[in-house]
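Here the structure comes first, spelled out in structure tokens, and everything after it is commentary.
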Amino acid sequence: MSQVNVTLPDGSNRAVPPGTSVRDIAESISPRLAKAALAGIVDGNPVDLNFPLNVDASVRIVTQDSPEALHIYRHSTAHLLAAAVTNLFPDVQCGIGPAIEEGFFYDFVVPRPFVPEDLEAIENKMRELASQDLIYERQMWPREEAKAFFAGRGEPLKVQLIDEKTEGQAVVSCYTIKDKETFVDFCVGPHVPTTGRLKAFKLLSTSNAYWKGDARNQPMQRVYGTAFFSDKDLKAYLTQIEEAKKRDHRKLGKELGLFMFHQWAPGATFWLDKGTTLYNTLANYMREVLFPAGYVEVKTPIIFNKSLWETSGHWSHYRENMFLVKSSDDEEMGLKAMNCPGHMLVFGSQTRSYKDMPLRLHEQTPLHRNEASGVLSGLTRVRQFAQDDAHCFVMESQIASEVEQLLRLVQRVYGDFGLEYSVKLSTRPEKFLGAVETWDHAEASLRQALEAAKQAYTVNEGDGAFYGPKLDFDVTDAIGRKWQCATIQLDYQLPARFGLKYVGADNAEHMPVVIHRAIFGSFERFIGILVEHFAGAFPLWLAPVQATVLPIADRHLDFAVRVRSELSAAGLRVDLDDRQEKIGYKIREAQLQKIPYMLVVGDREAAEGTVSVRTRTGGDQGAATIASFIESARAEVVSRTTPVAGAGPSGASA
Ligand SMILES: [Zn+2]
Ligand SMILES: [Zn+2]
């Protein structure tokens with residue numbers, strides 16, 4: 001019998017008899033690898049360890065360090081969850097159970113909703129089944145037999161899935177855990193070999209769901225869980241989500257009086273006075289950064305005639321995401337969802353020369369996107385927002401130096417907020433516009449800029465937009481979550497659609513390249529991230545209220561007013577708590593409001609012209625003259641000192 005030729009990741013080959021399993025291959029490499037193996041990748045496809053090799057193939061063994069491992073592990077845990085549920089609640093019908101970004105879920109049709117005690121019982125059952133080290137076995141069933149089996153068990157949803165997903169197949173893939181009496185599911189796999197491999201998992205919550213996510217379909221209940229390879233990783237994740245709950249910007253935004261929402265303006269933020277202060281501080285900070293870097297600020301219209309959107313291409317590709325309105329003389333208009341098309345008009349409004357380039361237009365006016373109401377969430381998914389947006393119009397020869405300057409701006413800005421970040425370069429996708437040489441040049445310029453700015457990065461092959469390559473920036477917050485914020489996006493298409501030109505040094509007309517770029521991304525979302533990153537305890541330069549004056553008794557009020565006006569005149573944002581409350585109560589309230597400095601004034605302070613300084617975290621710092629407090633506070637504002645990220649479980653909060 002002829003042998004099967006197996007190619008391993010190191011390029012080596014071995015000939016094995018047909019039917020040799022992936023596990024056998026692992027065993028032949030080393031017993032240790034076989035022990036660590038969870039699954040295999042055969043010619044790029046994930047498979048079980050039992051998968052038989054019948055034709056020549058490349059084979060890689062999946063261990064817990066492989067990129068595919070966690071997904072397979074979590075999906076296997078979803079099966080374990082379904083097995084536990086069907087064993088405890090025989091009337092329950094199973095839907096689907098995929099792995100997701102942070103764990104897995106499984107949807108069930110239930111006679112009554114699960115209660116927390118149910119989740120506990122289900123989790124215990126999962127542990128029991130895991131400890132029995134039961135085998136996940138793939139069985140290929142004749143299609144009609146499988147349908148009849150699931151129909152007979154009262155699982156019409158599985159029958160529907162088989163109908164939809166396996167048309168024309170003679171056999172369908174099903175998986176048992178131990179045997180089909182214990183658990184069986186219609187699934188293509190792969191899974192870990194046995195339940196004993198599942199070590200660290202936890203059920204987290206339940207929510208209402210619908211079959212296939214469609215509210216017209218059967219209501220279901222979704223059970224969410226997560227799984228990790230070690231208890232340590234699981235624990236760290238659970239701590240992170242607990243911490244995330246405490247830091248939730250929707251909760252803190254309310255408690256700190258930053259913003260509100262109303263059902264009559266879904267997805268549009270009401271910035272309250274403190275939130276507006278924070279917002280304006282960020283807006284002006286960005287101007288401070290951008291103006292010296294050669295940017296100019298513009299304000300372009302909010303509502304444009306549809307002709308603009310037709311020229312930009314948004315009318316055909318993006319209209320459903322835009323708010324459309326009609327003018328009184330019946331013109332079709334659209335609220336802008338991005339600034340770019342307007343900036344094209346600004347560039348095209350004059351004859352431009354190579355001497356004008358790069359031309360950098362910055363704009364912070366509001367944008368609107370018609371998001372479905374169901375996806376709106378706090379400041380992270382909104383309908384109205386503004387960006388620290390800019391478009392840099394450059395000559396092709398200027399791409400590398402412009403992007404290098406941008407990378408340095410990003411480094412500086414995130415540094416000022418104490419935010420770590422990583423950079424991804426996304427290159428030419430399969431479907432793209434323009435010439436390959438243009439793309440090659442653009443990608444080479446981006447790489448050159450990254451190297452010149454000494455910026456580490458990873459490459460996402462083929463993940464660029466159809467009109468140009470891009471750089472994406474993921475910020476890591478104080479509790480280790482990643483958020484995509486900044487982007488730098490090269491675009492050759494929009495200038496072409498608007499027929500933009502500049503006169504080159506050669507006196508001929510050339511087309512500029514445009515760089516779309518934002519560093520915060522949207523102000524709304526960035527503020528949401530900052531609130532959670534700092535747990536509401538903003539560094540002094542960002543704090544909406546930087547200090548509050550706390551008179552001990554009414555007789556100290558005159559002096560307290562004097563302190564407030566001197567601080568205020570020095571440019572500090574200061575409050576005065578003149579309520580007839582005990583000083584301890586006032587201090588606690590100021591701490592809850594996460595105000596950086598509390599200035600207590602009583603008899604001695606009034607007599608000596610001093611303040612007793614307290615910080616929100618450090619308690620009593622002793623007395624200072626008004627002038628010396630102002631001096632040190634202003635120095636702290638200028639230095640933009642950031643509380644140490646991640647210090648203690650609640651960061652810098654008291
Ligand atoms: Zn499965
Ligand atoms: Zn743009």
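Here's how to read the names in the structure tokens: chain A, B, ... by the order shown, residue numbers from 1 in each chain, ligand numbers from 1 in the order shown.
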Residues of region 176-217 of chain A in helix (DSSP H, G or I), written as an mmCIF file with N, CA and C atoms, in the first residue's frame:
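Output below, filename result.cif:
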```cif
data_model
loop_
_atom_site.group_PDB
_atom_site.id
_atom_site.type_symbol
_atom_site.label_atom_id
_atom_site.label_comp_id
_atom_site.auth_asym_id
_atom_site.auth_seq_id
_atom_site.Cartn_x
_atom_site.Cartn_y
_atom_site.Cartn_z
ATOM 1 N N THR A 195 -12.988 15.516 27.859
ATOM 2 C CA THR A 195 -13.458 16.576 28.760
ATOM 3 C C THR A 195 -12.444 16.879 29.864
ATOM 4 N N GLY A 196 -11.576 15.906 30.140
ATOM 5 C CA GLY A 196 -10.582 16.107 31.192
ATOM 6 C C GLY A 196 -9.587 17.217 30.861
ATOM 7 N N ARG A 197 -9.522 17.594 29.572
ATOM 8 C CA ARG A 197 -8.595 18.658 29.186
ATOM 9 C C ARG A 197 -9.094 20.041 29.600
ATOM 10 N N TRP A 211 -33.495 32.652 18.357
ATOM 11 C CA TRP A 211 -32.918 31.728 17.379
ATOM 12 C C TRP A 211 -32.386 32.538 16.211
ATOM 13 N N LYS A 212 -31.126 32.345 15.889
ATOM 14 C CA LYS A 212 -30.417 33.075 14.832
ATOM 15 C C LYS A 212 -30.393 34.587 15.057
ATOM 16 N N GLY A 213 -30.566 35.010 16.308
ATOM 17 C CA GLY A 213 -30.453 36.430 16.623
ATOM 18 C C GLY A 213 -31.564 37.279 16.047
#
```
May I ask you to write as a short mmCIF file (atom, residue, chain, number, x, y, z; two decimals) with all heavy atoms, in the first residue's frame all residues lying at most 9 Å from ligand 1, with only C-alpha atoms and all ligand atoms counted?
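Saved file result20.cif follows:
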```
data_model
loop_
_atom_site.label_atom_id
_atom_site.label_comp_id
_atom_site.auth_asym_id
_atom_site.auth_seq_id
_atom_site.Cartn_x
_atom_site.Cartn_y
_atom_site.Cartn_z
N ILE A 72 -10.72 26.58 20.09
CA ILE A 72 -11.14 25.17 20.11
C ILE A 72 -11.51 24.76 21.54
O ILE A 72 -12.52 24.11 21.79
CB ILE A 72 -10.01 24.27 19.55
CG1 ILE A 72 -9.78 24.58 18.07
CG2 ILE A 72 -10.33 22.79 19.76
CD1 ILE A 72 -8.54 23.94 17.47
N HIS A 75 -14.83 26.42 22.56
CA HIS A 75 -15.96 25.79 21.89
C HIS A 75 -16.24 24.41 22.51
O HIS A 75 -17.39 24.03 22.71
CB HIS A 75 -15.70 25.68 20.39
CG HIS A 75 -16.72 24.85 19.69
ND1 HIS A 75 -18.04 25.25 19.57
CD2 HIS A 75 -16.65 23.62 19.14
CE1 HIS A 75 -18.73 24.31 18.96
NE2 HIS A 75 -17.92 23.30 18.69
N SER A 76 -15.17 23.70 22.85
CA SER A 76 -15.34 22.39 23.51
C SER A 76 -16.04 22.57 24.86
O SER A 76 -16.86 21.73 25.27
CB SER A 76 -13.97 21.72 23.73
OG SER A 76 -13.27 21.62 22.51
N ALA A 78 -18.19 24.87 25.49
CA ALA A 78 -19.60 25.12 25.19
C ALA A 78 -20.35 23.80 25.05
O ALA A 78 -21.48 23.66 25.52
CB ALA A 78 -19.73 25.96 23.92
N HIS A 79 -19.72 22.80 24.42
CA HIS A 79 -20.33 21.47 24.34
C HIS A 79 -20.52 20.89 25.74
O HIS A 79 -21.55 20.28 26.03
CB HIS A 79 -19.45 20.51 23.53
CG HIS A 79 -19.70 20.56 22.06
ND1 HIS A 79 -20.36 19.58 21.37
CD2 HIS A 79 -19.37 21.50 21.15
CE1 HIS A 79 -20.43 19.91 20.09
NE2 HIS A 79 -19.82 21.07 19.92
N ILE A 96 -27.22 26.83 19.34
CA ILE A 96 -25.82 26.79 18.92
C ILE A 96 -24.93 27.26 20.07
O ILE A 96 -25.39 27.95 20.97
CB ILE A 96 -25.56 27.67 17.68
CG1 ILE A 96 -26.04 29.11 17.93
CG2 ILE A 96 -26.25 27.09 16.46
CD1 ILE A 96 -25.44 30.11 16.98
N GLY A 97 -23.65 26.88 20.00
CA GLY A 97 -22.74 27.20 21.09
C GLY A 97 -21.33 27.51 20.62
O GLY A 97 -20.44 26.68 20.73
N PRO A 98 -21.11 28.70 20.07
CA PRO A 98 -19.78 29.03 19.55
C PRO A 98 -18.83 29.58 20.62
O PRO A 98 -19.27 30.03 21.69
CB PRO A 98 -20.07 30.11 18.53
CG PRO A 98 -21.27 30.82 19.09
CD PRO A 98 -22.08 29.78 19.83
N CYS A 174 -21.42 14.62 13.50
CA CYS A 174 -21.98 14.79 14.84
C CYS A 174 -20.91 14.44 15.87
O CYS A 174 -19.99 13.67 15.58
CB CYS A 174 -23.19 13.88 15.04
SG CYS A 174 -24.58 14.37 14.00
N TYR A 175 -21.04 15.01 17.03
CA TYR A 175 -20.07 14.74 18.10
C TYR A 175 -20.80 14.25 19.34
O TYR A 175 -21.80 14.84 19.74
CB TYR A 175 -19.30 15.99 18.46
CG TYR A 175 -18.10 16.22 17.58
CD1 TYR A 175 -18.24 16.90 16.37
CD2 TYR A 175 -16.85 15.76 17.95
CE1 TYR A 175 -17.13 17.11 15.56
CE2 TYR A 175 -15.74 15.96 17.15
CZ TYR A 175 -15.89 16.64 15.95
OH TYR A 175 -14.80 16.84 15.16
N ASP A 185 -24.27 16.26 19.52
CA ASP A 185 -24.55 17.54 18.89
C ASP A 185 -24.15 17.47 17.43
O ASP A 185 -23.20 16.75 17.07
CB ASP A 185 -23.74 18.64 19.60
CG ASP A 185 -24.39 20.02 19.46
OD1 ASP A 185 -25.31 20.17 18.63
OD2 ASP A 185 -23.96 20.93 20.19
N PHE A 186 -24.87 18.19 16.61
CA PHE A 186 -24.50 18.32 15.20
C PHE A 186 -23.45 19.43 15.12
O PHE A 186 -23.73 20.57 15.49
CB PHE A 186 -25.75 18.68 14.38
CG PHE A 186 -25.44 19.27 13.05
CD1 PHE A 186 -24.75 18.54 12.09
CD2 PHE A 186 -25.84 20.57 12.74
CE1 PHE A 186 -24.45 19.09 10.85
CE2 PHE A 186 -25.55 21.12 11.50
CZ PHE A 186 -24.86 20.38 10.56
N CYS A 187 -22.23 19.06 14.69
CA CYS A 187 -21.14 20.04 14.73
C CYS A 187 -20.00 19.53 13.85
O CYS A 187 -19.77 18.33 13.76
CB CYS A 187 -20.64 20.19 16.17
SG CYS A 187 -19.33 21.40 16.36
N VAL A 188 -19.29 20.46 13.19
CA VAL A 188 -18.17 20.02 12.36
C VAL A 188 -16.86 19.93 13.16
O VAL A 188 -15.87 19.41 12.65
CB VAL A 188 -17.94 20.93 11.14
CG1 VAL A 188 -19.10 20.79 10.17
CG2 VAL A 188 -17.76 22.37 11.56
N GLY A 189 -16.87 20.41 14.40
CA GLY A 189 -15.66 20.33 15.21
C GLY A 189 -14.63 21.36 14.78
O GLY A 189 -14.98 22.29 14.05
N PRO A 190 -13.39 21.20 15.20
CA PRO A 190 -12.89 20.14 16.08
C PRO A 190 -13.09 20.48 17.56
O PRO A 190 -13.53 21.57 17.90
CB PRO A 190 -11.40 20.11 15.76
CG PRO A 190 -11.08 21.54 15.45
CD PRO A 190 -12.31 22.12 14.78
N HIS A 191 -12.75 19.50 18.40
CA HIS A 191 -12.83 19.67 19.84
C HIS A 191 -11.56 19.12 20.47
O HIS A 191 -10.81 18.40 19.81
CB HIS A 191 -14.04 18.93 20.39
CG HIS A 191 -15.33 19.37 19.76
ND1 HIS A 191 -15.88 18.72 18.69
CD2 HIS A 191 -16.14 20.42 20.02
CE1 HIS A 191 -16.99 19.34 18.31
NE2 HIS A 191 -17.17 20.38 19.10
#
```
Any chance you could tabulate, as a tab-separated table, the residues of chain A at most 7 Å from ligand 2 with each one's nearest atom pair and distance in Å to one decimal, using only C-alpha atoms and all ligand atoms, in chain and rising number order?
```
residue	atom	partner	partner_atom_place_in_ligand_line	distance
A:Met338	CA	ligand 2	1 (Zn)	6.2
A:Asn339	CA	ligand 2	1 (Zn)	5.8
A:Cys340	CA	ligand 2	1 (Zn)	4.1
A:Ala390	CA	ligand 2	1 (Zn)	7.0
A:His391	CA	ligand 2	1 (Zn)	6.1
A:His516	CA	ligand 2	1 (Zn)	4.4
A:Arg517	CA	ligand 2	1 (Zn)	6.8
```
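The list of residues with at least one atom within 6 Å of region 49-51 of chain A, based on only C-alpha atoms and without residues fewer than 2 positions apart in the same chain, reads Ser21, Val22, Arg23, Ala39 and Gly40 of chain A.
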Would you save the residues of that selection, restricted to C-alpha atoms, as a PDB file, in the first residue's frame?
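Below is the file that was written, out-v9.pdb:
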```pdb
ATOM      1  CA  SER A  21      -4.014   9.919  12.922  1.00  0.00           C
ATOM      2  CA  VAL A  22      -2.831  13.415  13.773  1.00  0.00           C
ATOM      3  CA  ARG A  23      -2.263  12.088  17.299  1.00  0.00           C
ATOM      4  CA  ALA A  39      -6.051  19.281  18.015  1.00  0.00           C
ATOM      5  CA  GLY A  40      -4.319  19.519  14.658  1.00  0.00           C
TER       6      GLY A  40
END
```
*asked:* With only C-alpha atoms as the counted atoms, please give the residues lying no more than 7 Å from Ala386 (chain A), apart from itself and same-chain residues fewer than 6 positions off, as number ranges by chain.
replied: A: 364-367, 522-523
Mind dumping the selected residues with N, CA and C atoms as a compact mmCIF listing (two decimals), in the first residue's frame?
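Printed below is again-v1.txt as written:
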```
# COMPACT_ATOMS: atom_id res chain seq x y z
N GLN A 364 -13.10 69.51 14.32
CA GLN A 364 -13.71 68.84 15.48
C GLN A 364 -15.24 68.96 15.49
N THR A 365 -15.85 69.29 14.36
CA THR A 365 -17.31 69.50 14.38
C THR A 365 -18.05 68.16 14.47
N PRO A 366 -19.34 68.20 14.87
CA PRO A 366 -20.09 66.96 15.09
C PRO A 366 -20.35 66.16 13.81
N LEU A 367 -20.36 64.86 13.97
CA LEU A 367 -20.66 63.92 12.90
C LEU A 367 -21.85 63.07 13.36
N SER A 522 -12.87 59.08 18.26
CA SER A 522 -13.92 60.04 18.59
C SER A 522 -13.71 60.52 20.02
N PHE A 523 -14.07 61.79 20.26
CA PHE A 523 -13.95 62.34 21.61
C PHE A 523 -14.81 61.52 22.57
```
Which polymer residues have any atom within 12 Å of an atom of Val382 (chain A), counting only C-alpha atoms, with same-chain residues fewer than 5 positions away left out, as a PDB file with N, CA and C atoms, in the first residue's frame?
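Contents of result-v6.pdb, as written:
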```pdb
ATOM      1  N   PHE A 261     -27.952  60.882  29.063  1.00  0.00           N
ATOM      2  CA  PHE A 261     -28.642  60.582  27.803  1.00  0.00           C
ATOM      3  C   PHE A 261     -30.136  60.730  28.036  1.00  0.00           C
ATOM      4  N   ALA A 265     -33.183  61.551  22.380  1.00  0.00           N
ATOM      5  CA  ALA A 265     -32.008  61.774  21.513  1.00  0.00           C
ATOM      6  C   ALA A 265     -31.095  60.559  21.647  1.00  0.00           C
ATOM      7  N   PRO A 266     -31.575  59.397  21.196  1.00  0.00           N
ATOM      8  CA  PRO A 266     -30.787  58.172  21.414  1.00  0.00           C
ATOM      9  C   PRO A 266     -29.394  58.282  20.787  1.00  0.00           C
ATOM     10  N   GLY A 267     -28.397  57.868  21.550  1.00  0.00           N
ATOM     11  CA  GLY A 267     -27.040  57.854  21.010  1.00  0.00           C
ATOM     12  C   GLY A 267     -26.400  59.221  20.884  1.00  0.00           C
ATOM     13  N   ALA A 268     -27.022  60.233  21.458  1.00  0.00           N
ATOM     14  CA  ALA A 268     -26.422  61.579  21.425  1.00  0.00           C
ATOM     15  C   ALA A 268     -26.207  62.026  22.863  1.00  0.00           C
ATOM     16  N   THR A 269     -24.992  62.441  23.148  1.00  0.00           N
ATOM     17  CA  THR A 269     -24.603  62.734  24.522  1.00  0.00           C
ATOM     18  C   THR A 269     -25.038  64.139  24.944  1.00  0.00           C
ATOM     19  N   PHE A 270     -25.589  64.251  26.143  1.00  0.00           N
ATOM     20  CA  PHE A 270     -25.724  65.556  26.789  1.00  0.00           C
ATOM     21  C   PHE A 270     -24.471  65.711  27.636  1.00  0.00           C
ATOM     22  N   ALA A 337     -21.278  62.089   7.976  1.00  0.00           N
ATOM     23  CA  ALA A 337     -20.844  61.005   8.846  1.00  0.00           C
ATOM     24  C   ALA A 337     -19.329  61.031   8.984  1.00  0.00           C
ATOM     25  N   PRO A 366     -19.337  68.203  14.870  1.00  0.00           N
ATOM     26  CA  PRO A 366     -20.091  66.955  15.088  1.00  0.00           C
ATOM     27  C   PRO A 366     -20.352  66.158  13.815  1.00  0.00           C
ATOM     28  N   LEU A 367     -20.357  64.861  13.974  1.00  0.00           N
ATOM     29  CA  LEU A 367     -20.664  63.916  12.899  1.00  0.00           C
ATOM     30  C   LEU A 367     -21.853  63.071  13.357  1.00  0.00           C
ATOM     31  N   HIS A 368     -22.587  62.546  12.395  1.00  0.00           N
ATOM     32  CA  HIS A 368     -23.740  61.710  12.731  1.00  0.00           C
ATOM     33  C   HIS A 368     -23.703  60.419  11.946  1.00  0.00           C
ATOM     34  N   ARG A 369     -23.947  59.322  12.639  1.00  0.00           N
ATOM     35  CA  ARG A 369     -24.100  58.044  11.955  1.00  0.00           C
ATOM     36  C   ARG A 369     -25.385  57.397  12.459  1.00  0.00           C
ATOM     37  N   ASN A 370     -26.165  56.901  11.506  1.00  0.00           N
ATOM     38  CA  ASN A 370     -27.484  56.383  11.846  1.00  0.00           C
ATOM     39  C   ASN A 370     -27.389  54.936  12.337  1.00  0.00           C
ATOM     40  N   GLU A 371     -26.821  54.753  13.533  1.00  0.00           N
ATOM     41  CA  GLU A 371     -26.660  53.418  14.108  1.00  0.00           C
ATOM     42  C   GLU A 371     -28.015  52.900  14.575  1.00  0.00           C
ATOM     43  N   ALA A 372     -28.216  51.586  14.485  1.00  0.00           N
ATOM     44  CA  ALA A 372     -29.451  50.992  14.992  1.00  0.00           C
ATOM     45  C   ALA A 372     -29.533  51.220  16.494  1.00  0.00           C
ATOM     46  N   SER A 373     -30.736  51.500  17.002  1.00  0.00           N
ATOM     47  CA  SER A 373     -30.844  51.847  18.422  1.00  0.00           C
ATOM     48  C   SER A 373     -30.373  50.697  19.310  1.00  0.00           C
ATOM     49  N   GLY A 374     -30.520  49.458  18.828  1.00  0.00           N
ATOM     50  CA  GLY A 374     -30.134  48.307  19.642  1.00  0.00           C
ATOM     51  C   GLY A 374     -28.645  48.226  19.947  1.00  0.00           C
ATOM     52  N   VAL A 375     -27.786  48.822  19.114  1.00  0.00           N
ATOM     53  CA  VAL A 375     -26.344  48.694  19.340  1.00  0.00           C
ATOM     54  C   VAL A 375     -25.773  49.875  20.117  1.00  0.00           C
ATOM     55  N   LEU A 376     -26.608  50.901  20.376  1.00  0.00           N
ATOM     56  CA  LEU A 376     -26.098  52.082  21.075  1.00  0.00           C
ATOM     57  C   LEU A 376     -25.708  51.703  22.495  1.00  0.00           C
ATOM     58  N   SER A 377     -24.569  52.203  22.964  1.00  0.00           N
ATOM     59  CA  SER A 377     -24.134  51.879  24.305  1.00  0.00           C
ATOM     60  C   SER A 377     -23.244  52.983  24.857  1.00  0.00           C
ATOM     61  N   SER A 522     -12.867  59.077  18.262  1.00  0.00           N
ATOM     62  CA  SER A 522     -13.923  60.036  18.588  1.00  0.00           C
ATOM     63  C   SER A 522     -13.709  60.520  20.024  1.00  0.00           C
ATOM     64  N   PHE A 523     -14.066  61.792  20.256  1.00  0.00           N
ATOM     65  CA  PHE A 523     -13.953  62.336  21.613  1.00  0.00           C
ATOM     66  C   PHE A 523     -14.814  61.522  22.568  1.00  0.00           C
ATOM     67  N   GLU A 524     -16.026  61.172  22.116  1.00  0.00           N
ATOM     68  CA  GLU A 524     -16.958  60.457  22.986  1.00  0.00           C
ATOM     69  C   GLU A 524     -16.334  59.149  23.467  1.00  0.00           C
ATOM     70  N   ARG A 525     -15.902  58.339  22.500  1.00  0.00           N
ATOM     71  CA  ARG A 525     -15.374  57.038  22.842  1.00  0.00           C
ATOM     72  C   ARG A 525     -14.085  57.172  23.664  1.00  0.00           C
ATOM     73  N   GLY A 528     -14.908  57.923  27.140  1.00  0.00           N
ATOM     74  CA  GLY A 528     -15.373  56.680  27.776  1.00  0.00           C
ATOM     75  C   GLY A 528     -14.194  55.826  28.216  1.00  0.00           C
TER      76      GLY A 528
END
```
*Separation of CA of Thr311 (chain A) from CA of Val513 (chain A) in Å*: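 CA of Thr311 (chain A) lies 17.1 Å from CA of Val513 (chain A).
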